[in-house]
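Below is coords_17.tsv, holding TSV, C-alpha atoms and all ligand atoms.
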```tsv
chain	number	residue	atom	x	y	z
A	20	MET	CA	-15.98	105.61	161.83
A	21	SER	CA	-16.92	108.10	159.16
A	22	SER	CA	-19.41	109.79	161.44
A	23	ALA	CA	-16.82	110.39	164.18
A	24	SER	CA	-14.71	113.53	164.06
A	25	PRO	CA	-11.49	113.06	162.12
A	26	LEU	CA	-8.29	112.22	163.94
A	27	LEU	CA	-6.61	115.22	162.40
A	28	GLU	CA	-7.98	118.23	160.64
A	29	LEU	CA	-6.44	121.31	159.05
A	30	ARG	CA	-8.81	123.91	157.72
A	31	ASP	CA	-7.64	126.98	155.83
A	32	TRP	CA	-4.36	126.53	157.69
A	33	ARG	CA	-1.86	129.26	156.91
A	34	VAL	CA	1.78	129.60	157.89
A	35	SER	CA	3.86	132.65	157.10
A	36	PHE	CA	7.11	134.21	158.21
A	37	PRO	CA	8.14	137.81	158.81
A	38	GLY	CA	9.44	139.14	155.52
A	39	GLY	CA	6.41	137.97	153.58
A	40	ALA	CA	7.07	134.26	153.03
A	41	GLN	CA	3.74	132.45	152.84
A	42	VAL	CA	4.62	128.79	153.09
A	43	LEU	CA	1.12	127.41	153.59
A	44	ARG	CA	-1.66	129.37	151.89
A	45	GLY	CA	-4.81	127.71	153.15
A	46	MET	CA	-4.06	124.04	153.64
A	47	ASN	CA	-7.03	121.68	154.05
A	48	LEU	CA	-6.58	118.13	155.22
A	49	GLN	CA	-8.64	115.54	157.06
A	50	LEU	CA	-7.23	112.28	158.28
A	51	ARG	CA	-9.36	109.55	159.79
A	52	SER	CA	-8.19	106.95	162.22
A	53	GLY	CA	-6.13	104.24	160.50
A	54	GLU	CA	-6.17	106.05	157.16
A	55	ARG	CA	-3.08	106.44	154.97
A	56	VAL	CA	-2.79	109.73	153.13
A	57	ALA	CA	0.08	110.85	150.92
A	58	LEU	CA	1.09	114.48	150.44
A	59	VAL	CA	2.71	114.81	147.04
A	60	GLY	CA	4.43	117.77	145.43
A	61	GLU	CA	7.73	119.14	144.26
A	62	SER	CA	10.32	120.44	146.65
A	63	GLY	CA	9.19	123.72	148.23
A	64	SER	CA	5.45	123.07	148.00
A	65	GLY	CA	4.95	123.05	151.78
A	66	LYS	CA	4.83	119.35	152.60
A	67	SER	CA	7.32	119.46	155.45
A	68	MET	CA	5.74	122.62	156.88
A	69	THR	CA	2.45	120.73	157.02
A	70	GLY	CA	4.12	117.90	158.96
A	71	LEU	CA	5.87	120.28	161.33
A	72	SER	CA	2.59	122.16	161.95
A	73	ILE	CA	0.95	118.92	163.03
A	74	LEU	CA	3.76	118.20	165.49
A	75	GLY	CA	3.87	121.73	166.91
A	76	LEU	CA	7.44	122.05	165.65
A	77	LEU	CA	7.20	125.17	163.49
A	78	PRO	CA	9.94	127.76	164.10
A	79	ASP	CA	9.02	130.34	166.77
A	80	SER	CA	8.90	133.10	164.16
A	81	ALA	CA	6.11	131.37	162.19
A	82	VAL	CA	2.74	133.14	162.13
A	83	THR	CA	-0.25	130.82	161.80
A	84	SER	CA	-3.98	131.13	161.22
A	85	GLY	CA	-6.87	128.83	160.43
A	86	MET	CA	-7.79	125.64	162.22
A	87	LEU	CA	-5.61	122.73	163.28
A	88	SER	CA	-7.21	120.06	165.45
A	89	TRP	CA	-6.16	116.72	166.83
A	90	LYS	CA	-8.87	114.29	167.97
A	91	GLY	CA	-11.39	117.11	167.89
A	92	GLU	CA	-9.28	119.36	170.14
A	93	SER	CA	-7.83	122.61	168.86
A	94	CYS	CA	-4.03	122.66	168.76
A	95	GLU	CA	-3.70	126.41	168.64
A	96	ARG	CA	-1.96	128.38	171.34
A	97	ARG	CA	-0.96	125.26	173.21
A	98	SER	CA	1.97	125.12	175.57
A	99	GLU	CA	5.12	123.19	174.80
A	100	SER	CA	4.16	120.67	177.50
A	101	TRP	CA	0.81	120.04	175.79
A	102	TRP	CA	2.66	119.27	172.57
A	103	ARG	CA	5.22	117.11	174.33
A	104	GLU	CA	2.39	114.98	175.70
A	105	ARG	CA	1.34	114.17	172.15
A	106	ARG	CA	4.58	114.17	170.26
A	107	GLY	CA	6.07	110.69	170.09
A	108	ARG	CA	3.22	109.11	172.06
A	109	GLU	CA	0.26	109.96	169.86
A	110	ILE	CA	1.92	111.43	166.80
A	111	ALA	CA	5.35	110.25	165.73
A	112	MET	CA	7.50	111.37	162.84
A	113	ILE	CA	10.23	109.82	160.77
A	114	PHE	CA	12.49	111.80	158.47
A	115	GLN	CA	14.38	111.43	155.26
A	116	ASP	CA	17.80	111.16	156.77
A	117	PRO	CA	17.85	108.36	159.32
A	118	ILE	CA	21.55	108.67	160.16
A	119	SER	CA	21.21	112.19	161.45
A	120	SER	CA	17.99	111.36	163.30
A	121	LEU	CA	19.66	108.64	165.35
A	122	ASN	CA	22.09	109.58	168.05
A	123	PRO	CA	25.56	108.52	166.83
A	124	ALA	CA	26.87	108.20	170.38
A	125	TYR	CA	24.46	105.47	171.48
A	126	SER	CA	23.79	101.85	170.63
A	127	VAL	CA	20.62	100.63	168.97
A	128	GLU	CA	19.55	99.11	172.26
A	129	TRP	CA	19.97	102.39	174.12
A	130	GLN	CA	18.01	104.33	171.49
A	131	LEU	CA	15.12	101.89	171.51
A	132	ARG	CA	14.99	101.70	175.32
A	133	GLU	CA	15.03	105.44	175.46
A	134	ALA	CA	12.09	105.59	173.05
A	135	LEU	CA	10.21	102.94	175.05
A	136	GLY	CA	10.90	104.76	178.32
A	137	ARG	CA	9.61	108.08	177.02
A	138	GLY	CA	5.98	107.11	177.39
A	139	ASP	CA	6.24	105.50	180.77
A	140	PRO	CA	8.44	107.01	183.47
A	141	GLU	CA	8.37	103.67	185.35
A	142	GLU	CA	9.81	101.92	182.35
A	143	SER	CA	13.45	102.81	182.68
A	144	SER	CA	13.64	101.94	186.38
A	145	SER	CA	11.30	99.03	187.11
A	146	ARG	CA	11.21	97.21	183.80
A	147	VAL	CA	14.78	97.32	182.61
A	148	GLY	CA	14.86	93.57	182.12
A	149	SER	CA	11.78	93.49	179.97
A	150	SER	CA	12.66	96.60	177.99
A	151	ARG	CA	15.46	94.66	176.28
A	152	GLU	CA	12.82	92.13	175.24
A	153	ARG	CA	10.60	94.92	174.01
A	154	ALA	CA	13.45	96.48	172.05
A	155	LEU	CA	14.02	93.10	170.38
A	156	GLU	CA	10.32	92.78	169.66
A	157	LEU	CA	10.30	96.21	168.01
A	158	LEU	CA	13.21	95.22	165.80
A	159	ARG	CA	11.41	92.04	164.81
A	160	GLN	CA	8.31	94.04	163.94
A	161	VAL	CA	10.29	96.17	161.53
A	162	GLY	CA	11.69	93.09	159.84
A	163	VAL	CA	15.16	92.98	161.37
A	164	THR	CA	16.44	89.42	161.33
A	165	ALA	CA	18.74	88.30	164.16
A	166	PRO	CA	17.86	91.44	166.14
A	167	GLU	CA	20.07	90.34	169.06
A	168	SER	CA	23.13	91.05	166.94
A	169	ARG	CA	21.92	94.58	166.24
A	170	LEU	CA	21.32	95.79	169.78
A	171	SER	CA	24.95	96.56	170.54
A	172	GLN	CA	25.63	98.24	167.20
A	173	PHE	CA	25.96	101.98	166.65
A	174	PRO	CA	24.31	103.96	163.83
A	175	HIS	CA	27.52	104.25	161.79
A	176	GLN	CA	27.73	100.44	161.67
A	177	LEU	CA	24.30	100.17	160.01
A	178	SER	CA	23.29	100.47	156.37
A	179	GLY	CA	20.88	103.24	155.36
A	180	GLY	CA	17.99	100.77	155.18
A	181	MET	CA	18.82	99.34	158.60
A	182	CYS	CA	19.03	102.84	160.11
A	183	GLN	CA	15.62	103.58	158.65
A	184	ARG	CA	14.21	100.42	160.24
A	185	VAL	CA	15.65	101.37	163.61
A	186	MET	CA	14.15	104.83	163.28
A	187	ILE	CA	10.76	103.34	162.40
A	188	ALA	CA	11.06	100.99	165.39
A	189	GLN	CA	11.78	104.01	167.56
A	190	ALA	CA	8.76	105.85	166.19
A	191	LEU	CA	6.52	102.82	166.79
A	192	ALA	CA	7.71	102.34	170.38
A	193	MET	CA	4.95	104.52	171.79
A	194	ARG	CA	2.22	103.01	169.63
A	195	PRO	CA	1.31	106.35	168.01
A	196	GLN	CA	-2.07	106.81	166.38
A	197	LEU	CA	-0.50	108.81	163.59
A	198	LEU	CA	2.87	108.41	161.95
A	199	ILE	CA	4.13	111.27	159.80
A	200	ALA	CA	6.73	109.98	157.38
A	201	ASP	CA	8.56	112.82	155.62
A	202	GLU	CA	10.26	111.43	152.50
A	203	PRO	CA	11.44	108.42	154.51
A	204	THR	CA	12.66	106.45	151.52
A	205	THR	CA	14.16	109.19	149.36
A	206	ALA	CA	17.73	108.48	150.47
A	207	LEU	CA	17.42	104.72	149.96
A	208	ASP	CA	18.11	102.68	146.86
A	209	ALA	CA	15.13	101.27	144.97
A	210	THR	CA	15.05	97.78	146.49
A	211	VAL	CA	15.40	98.97	150.06
A	212	GLN	CA	12.88	101.73	149.37
A	213	MET	CA	10.33	99.11	148.35
A	214	GLN	CA	11.00	97.07	151.49
A	215	VAL	CA	10.55	100.09	153.74
A	216	LEU	CA	7.31	101.04	151.97
A	217	GLU	CA	5.98	97.52	152.45
A	218	LEU	CA	6.99	97.61	156.07
A	219	LEU	CA	5.24	100.93	156.72
A	220	TYR	CA	2.13	99.71	154.96
A	221	ARG	CA	2.04	96.49	156.96
A	222	VAL	CA	2.61	98.25	160.27
A	223	SER	CA	-0.09	100.81	159.64
A	224	GLU	CA	-2.48	98.05	158.57
A	225	THR	CA	-1.88	95.73	161.53
A	226	ARG	CA	-1.83	98.54	164.10
A	227	GLN	CA	-4.62	100.56	162.53
A	228	MET	CA	-2.19	103.45	162.67
A	229	ALA	CA	-2.95	106.45	160.50
A	230	MET	CA	-0.14	107.67	158.31
A	231	LEU	CA	0.67	110.93	156.60
A	232	PHE	CA	3.23	110.01	154.00
A	233	VAL	CA	5.17	112.87	152.43
A	234	THR	CA	6.81	112.33	149.06
A	235	HIS	CA	7.61	114.09	145.79
A	236	ASP	CA	6.98	110.83	143.95
A	237	LEU	CA	3.45	109.91	142.84
A	238	ALA	CA	4.46	106.31	142.20
A	239	VAL	CA	5.62	105.94	145.79
A	240	ALA	CA	2.47	107.67	147.05
A	241	SER	CA	0.22	105.31	145.13
A	242	ARG	CA	1.93	102.28	146.64
A	243	ILE	CA	1.30	103.26	150.20
A	244	ALA	CA	-1.66	105.61	150.39
A	245	ASP	CA	-5.42	105.18	150.29
A	246	ARG	CA	-5.78	108.83	149.43
A	247	ILE	CA	-3.49	111.31	147.71
A	248	LEU	CA	-3.32	115.06	148.21
A	249	VAL	CA	-1.29	116.88	145.59
A	250	MET	CA	0.23	120.12	146.88
A	251	TYR	CA	1.53	123.15	145.06
A	252	ALA	CA	2.74	126.46	146.52
A	253	GLY	CA	1.27	125.81	149.96
A	254	GLN	CA	-2.13	124.51	148.91
A	255	VAL	CA	-3.81	121.28	147.94
A	256	VAL	CA	-4.49	121.42	144.20
A	257	GLU	CA	-5.98	117.96	143.78
A	258	GLN	CA	-7.17	115.18	146.02
A	259	GLY	CA	-8.87	111.84	145.69
A	260	SER	CA	-8.39	108.13	146.17
A	261	ALA	CA	-4.89	107.05	145.19
A	262	ARG	CA	-6.28	104.93	142.43
A	263	GLU	CA	-8.37	107.66	140.85
A	264	VAL	CA	-5.77	110.39	141.12
A	265	LEU	CA	-3.37	108.16	139.25
A	266	ARG	CA	-5.82	106.85	136.70
A	267	THR	CA	-7.63	110.04	135.93
A	268	PRO	CA	-5.58	113.02	137.10
A	269	GLN	CA	-7.80	116.10	136.89
A	270	HIS	CA	-5.34	118.87	137.64
A	271	PRO	CA	-2.70	119.94	135.09
A	272	TYR	CA	-0.11	119.85	137.86
A	273	THR	CA	-0.88	116.23	138.71
A	274	ARG	CA	-0.71	115.35	135.03
A	275	ALA	CA	2.67	117.06	134.80
A	276	LEU	CA	3.94	115.13	137.81
A	277	LEU	CA	2.78	111.92	136.17
A	278	ALA	CA	4.49	112.88	132.96
A	279	ALA	CA	7.74	113.10	134.86
A	280	ARG	CA	7.24	109.42	135.72
A	281	PRO	CA	6.67	107.92	132.25
A	282	HIS	CA	6.74	104.30	133.38
A	283	LEU	CA	3.59	104.73	135.45
A	284	ASP	CA	0.32	103.57	133.98
A	285	THR	CA	-1.15	106.73	132.63
A	286	PRO	CA	-4.31	107.23	130.65
A	287	PRO	CA	-3.30	106.58	127.04
A	288	ARG	CA	-5.09	109.51	125.49
A	289	SER	CA	-4.12	112.22	127.90
A	290	ARG	CA	-1.57	114.67	126.70
A	291	LEU	CA	1.25	114.71	129.20
A	292	ALA	CA	3.96	117.29	129.38
A	293	PRO	CA	6.33	117.73	132.28
A	294	LEU	CA	6.54	121.14	133.90
A	295	GLU	CA	9.47	123.43	133.37
A	296	GLY	CA	10.81	125.62	136.14
A	297	VAL	CA	10.42	125.26	139.88
A	298	VAL	CA	7.89	125.99	142.61
A	299	PRO	CA	7.76	129.81	143.00
A	300	PRO	CA	9.35	131.27	146.14
A	301	ALA	CA	7.14	131.54	149.21
A	302	THR	CA	7.31	135.34	148.95
A	303	SER	CA	5.48	135.33	145.58
A	304	GLU	CA	2.03	136.88	145.29
A	305	PHE	CA	-0.45	135.42	142.85
A	306	PRO	CA	-3.42	137.37	141.53
A	307	GLY	CA	-4.65	134.17	139.87
A	308	CYS	CA	-3.57	130.55	139.97
A	309	ALA	CA	-0.13	129.90	141.50
A	310	LEU	CA	0.63	127.45	138.70
A	311	ALA	CA	-0.44	129.69	135.80
A	312	ASP	CA	3.06	130.67	134.68
A	313	ARG	CA	4.23	127.07	134.44
A	314	CYS	CA	1.03	125.40	133.34
A	315	ARG	CA	0.96	124.13	129.77
A	316	GLU	CA	-2.82	124.20	129.85
A	317	SER	CA	-3.39	127.66	131.31
A	318	ILE	CA	-5.68	130.17	129.66
A	319	GLU	CA	-5.57	133.92	130.09
A	320	ALA	CA	-8.05	133.95	132.97
A	321	CYS	CA	-5.79	131.64	134.99
A	322	HIS	CA	-3.35	134.53	135.43
A	323	ARG	CA	-6.03	136.91	136.70
A	324	GLU	CA	-8.59	134.92	138.69
A	325	ARG	CA	-8.25	132.71	141.71
A	326	PRO	CA	-9.14	129.15	140.78
A	327	PRO	CA	-12.21	127.72	142.56
A	328	TRP	CA	-12.07	124.55	144.66
A	329	LYS	CA	-14.33	122.08	142.85
A	330	VAL	CA	-15.46	119.07	144.84
A	331	ASN	CA	-17.16	115.89	143.77
A	332	GLY	CA	-17.36	113.36	146.61
A	333	GLU	CA	-13.83	112.39	147.67
A	334	ARG	CA	-12.46	114.11	144.61
A	335	GLY	CA	-11.44	117.76	144.62
A	336	ARG	CA	-9.34	120.11	142.53
A	337	LEU	CA	-8.27	123.72	142.52
A	338	CYS	CA	-8.55	124.69	138.87
A	339	MET	CA	-10.87	126.82	136.81
A	340	LEU	CA	-10.62	124.61	133.75
A	341	ASP	CA	-13.15	121.87	133.25
A	342	VAL	CA	-11.76	118.36	133.22
A	343	GLY	CA	-10.77	117.50	129.68
A	344	GLU	CA	-11.18	121.07	128.53
A	345	ARG	CA	-7.54	121.42	127.58
A	346	SER	CA	-6.24	117.90	127.99
A	347	GLY	CA	-6.98	114.42	126.74
A	348	SER	CA	-8.03	114.36	123.13
A	349	SER	CA	-8.85	118.05	123.17
A	350	ALA	CA	-7.83	119.80	119.99
A	351	GLY	CA	-7.35	123.02	121.91
A	352	CYS	CA	-3.73	122.43	122.77
A	353	GLN	CA	-0.84	122.24	120.46
A	354	SER	CA	2.36	120.79	121.83
B	401	LIG	N1	11.93	129.78	158.25
B	401	LIG	C1	11.47	130.02	157.03
B	401	LIG	N2	11.27	131.28	156.58
B	401	LIG	C2	10.81	131.54	155.36
B	401	LIG	N3	10.49	130.59	154.47
B	401	LIG	C3	10.66	129.32	154.82
B	401	LIG	C4	11.15	128.95	156.11
B	401	LIG	N4	11.20	127.60	156.17
B	401	LIG	C5	10.76	127.16	154.97
B	401	LIG	N5	10.44	128.16	154.17
B	401	LIG	C6	9.89	128.06	152.80
B	401	LIG	O1	8.68	127.31	152.86
B	401	LIG	C7	8.42	126.69	151.61
B	401	LIG	C8	7.92	125.28	151.84
B	401	LIG	O2	8.93	124.52	152.43
B	401	LIG	P1	8.76	122.98	152.79
B	401	LIG	O3	7.55	122.75	153.61
B	401	LIG	O4	10.05	122.55	153.41
B	401	LIG	O5	8.58	122.30	151.36
B	401	LIG	P2	8.66	120.77	150.93
B	401	LIG	O6	8.77	119.94	152.17
B	401	LIG	O7	7.40	120.52	150.15
B	401	LIG	O8	9.86	120.67	150.06
B	401	LIG	C9	9.72	126.79	150.82
B	401	LIG	O9	9.54	127.78	149.83
B	401	LIG	C10	10.73	127.25	151.84
B	401	LIG	O10	11.72	128.06	151.24
B	402	MG	MG	10.27	118.63	152.73
```
For this file, write the structure as structure tokens.
Amino acid sequence: MSSASPLLELRDWRVSFPGGAQVLRGMNLQLRSGERVALVGESGSGKSMTGLSILGLLPDSAVTSGMLSWKGESCERRSESWWRERRGREIAMIFQDPISSLNPAYSVEWQLREALGRGDPEESSSRVGSSRERALELLRQVGVTAPESRLSQFPHQLSGGMCQRVMIAQALAMRPQLLIADEPTTALDATVQMQVLELLYRVSETRQMAMLFVTHDLAVASRIADRILVMYAGQVVEQGSAREVLRTPQHPYTRALLAARPHLDTPPRSRLAPLEGVVPPATSEFPGCALADRCRESIEACHRERPPWKVNGERGRLCMLDVGERSGSSAGCQS
């Protein structure tokens, strides 16, 4: 599988808007078939814009450059009908707010049948009888017990967790090869969140469905993803296997994100300090590193020079500092 071209690839992918907002500043991402990757970063770092790029759903005013390919085919300058062929069938997306993603006017059964019918025009006419069965089967797959009782219900009669399951069932109806999940558990309470994460993991495992999981929470990312990409200001600043990124974070930004989650297992000797401030606006220009102003480990050069992308196997980071130079047991930083 590794020799085949990736399912999805973004290379130096840039998205900007008139008025000078640069929302993606050279995004690089490769996703192989069946692989689960998490995009992690604070609000405003460009995670959703990455997801929307992949679905061809950027606003009309967006200006793009770089490479975006799906199954080895370039996605640039494609017609809306080309995208519609892929959206839902090959690439599906679920969002943070399930209630507003479901149609309040229709029953669960209608919404699932509609999703099943989308891929196959014959479906709605010739297989009406069996599509009820298939809707039930979808509900079972997403862990809904007594699914018969749910079919006639409307979104407002469902809990948040149940809505999310219905939305996942809808997304799975077409057997997509890639599911983009944009903060799908953020609105749920902790127990339900865990159940939905387990469900998504299981579904992607049994169906060999790739997943791009968007979250601001490294702990959530590490539960579901094989690989983690940490984003800041429209770029990937660190990437690696989920395990390694968590155990030995190499970028100051990743370390700061971890510090904001103190209950996570973190390396005992690393100095962790959460970041102050917020992600800079998309209109900002950076002569050096985008993080420099907020980074507790930055040196003078960070404000002047663009950080290099340093790669070592699966591991990569966008930082001019050497690993351990300013962190860990280093005496160079006072706190
Ligand atoms: N239509 C737009 N015009 C200008 N800037 C935008 C537009 N849409 C989003 N942005 C900006 O793009 C940046 C990234 O947004 P987004 O991808 O939604 O971040 P995330 O999902 O990581 O929170 C934000 O700074 C946001 O303000
Ligand atoms: Mg978002």
*Just how far from CA of Thr204 (chain A) is CA of Glu295 (chain A), in Å to one decimal?*
25.1 Å
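CA of Thr267 (chain A) is found 24.1 Å from CA of Gly296 (chain A).
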*Neighbours of Ser24 (chain A) within 10 Å (all atoms listed in the file; same-chain residues fewer than 3 positions away dropped), as a PyMOL selection string?*
chain A and resi 20-21+27-28+49-52+89-91
*Which distance in Å separates atom O7 of ligand LIG 401 (chain B) and CA of Glu263 (chain A), to one decimal?*
22.4 Å
Closest atom pairs, residues of chain A within 6 Å of ligand LIG 401 (chain B), all atoms listed in the file, as JSON lines:
```
{"residue": "A:Phe36", "atom": "CA", "partner": "B:LIG401", "partner_atom": "N2", "distance": 5.3}
{"residue": "A:Ala40", "atom": "CA", "partner": "B:LIG401", "partner_atom": "C2", "distance": 5.2}
{"residue": "A:Val42", "atom": "CA", "partner": "B:LIG401", "partner_atom": "O1", "distance": 4.3}
{"residue": "A:Ser62", "atom": "CA", "partner": "B:LIG401", "partner_atom": "O8", "distance": 3.4}
{"residue": "A:Gly63", "atom": "CA", "partner": "B:LIG401", "partner_atom": "O5", "distance": 3.5}
{"residue": "A:Ser64", "atom": "CA", "partner": "B:LIG401", "partner_atom": "O7", "distance": 3.9}
{"residue": "A:Gly65", "atom": "CA", "partner": "B:LIG401", "partner_atom": "O3", "distance": 3.2}
{"residue": "A:Lys66", "atom": "CA", "partner": "B:LIG401", "partner_atom": "O7", "distance": 3.7}
{"residue": "A:Ser67", "atom": "CA", "partner": "B:LIG401", "partner_atom": "O6", "distance": 3.6}
{"residue": "A:Met68", "atom": "CA", "partner": "B:LIG401", "partner_atom": "O3", "distance": 3.7}
{"residue": "A:Pro300", "atom": "CA", "partner": "B:LIG401", "partner_atom": "O9", "distance": 5.1}
{"residue": "A:Ala301", "atom": "CA", "partner": "B:LIG401", "partner_atom": "O9", "distance": 4.5}
```
*Nearby polymer residues, ligand MG 402 (chain B), at most 12 Å, all atoms listed in the file, as number ranges by chain*: A: 42, 58-71, 113-116, 199-203, 205, 232-235, 250, 253
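Candidate residues A:Leu265, A:Gln227, A:Ile318, A:Glu324 were compared for distance to Ala240 (chain A), and the nearest is A:Leu265, using all atoms listed in the file.
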_Polymer residues at most 12 Å from Glu224 (chain A), only C-alpha atoms, same-chain spacing of 2 or more positions, as a ChimeraX atom specification_ = /A:52-55,196,217-222,226-230,243-245
Selected residues written out with C-alpha atoms, as a JSON list (two decimals), in the frame of the given file:
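Written output follows (selection-v2.json):
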```
[["chain", "number", "residue", "atom", "x", "y", "z"],
["A", 52, "SER", "CA", -8.19, 106.95, 162.22],
["A", 53, "GLY", "CA", -6.13, 104.24, 160.50],
["A", 54, "GLU", "CA", -6.17, 106.05, 157.16],
["A", 55, "ARG", "CA", -3.08, 106.44, 154.97],
["A", 196, "GLN", "CA", -2.07, 106.81, 166.38],
["A", 217, "GLU", "CA", 5.98, 97.52, 152.45],
["A", 218, "LEU", "CA", 6.99, 97.61, 156.07],
["A", 219, "LEU", "CA", 5.24, 100.93, 156.72],
["A", 220, "TYR", "CA", 2.13, 99.71, 154.96],
["A", 221, "ARG", "CA", 2.04, 96.49, 156.96],
["A", 222, "VAL", "CA", 2.61, 98.25, 160.27],
["A", 226, "ARG", "CA", -1.83, 98.54, 164.10],
["A", 227, "GLN", "CA", -4.62, 100.56, 162.53],
["A", 228, "MET", "CA", -2.19, 103.45, 162.67],
["A", 229, "ALA", "CA", -2.95, 106.45, 160.50],
["A", 230, "MET", "CA", -0.14, 107.67, 158.31],
["A", 243, "ILE", "CA", 1.30, 103.26, 150.20],
["A", 244, "ALA", "CA", -1.66, 105.61, 150.39],
["A", 245, "ASP", "CA", -5.42, 105.18, 150.29]]
```
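Between Ala81 (chain A) and the candidates A:Arg151, A:His175, A:Lys329, A:Arg33, the tightest atom-to-atom separation, counting all atoms listed in the file, involves A:Arg33.
Shortest atom-to-atom contact with Pro306 (chain A) among A:Leu29, A:Cys321, A:Ile247, A:Ala206: A:Cys321, counting all atoms listed in the file.
Residues of protein, DNA or RNA having at least one counted atom within 6 Å of (-2.4, 133.3, 136.7), given only C-alpha atoms, are Gly307, Cys308, Ala311, Cys321, His322 and Arg323 of chain A.
Shortest atom-to-atom contact with Pro299 (chain A) among A:Ala261, A:Val185, A:Ala252, A:Ala278: A:Ala252, counting all atoms listed in the file.
Compared by their closest atoms to Asp236 (chain A), and using all atoms listed in the file, the residues A:Leu337, A:Val297, A:Leu276, A:Ala134 rank with A:Leu276 nearest.
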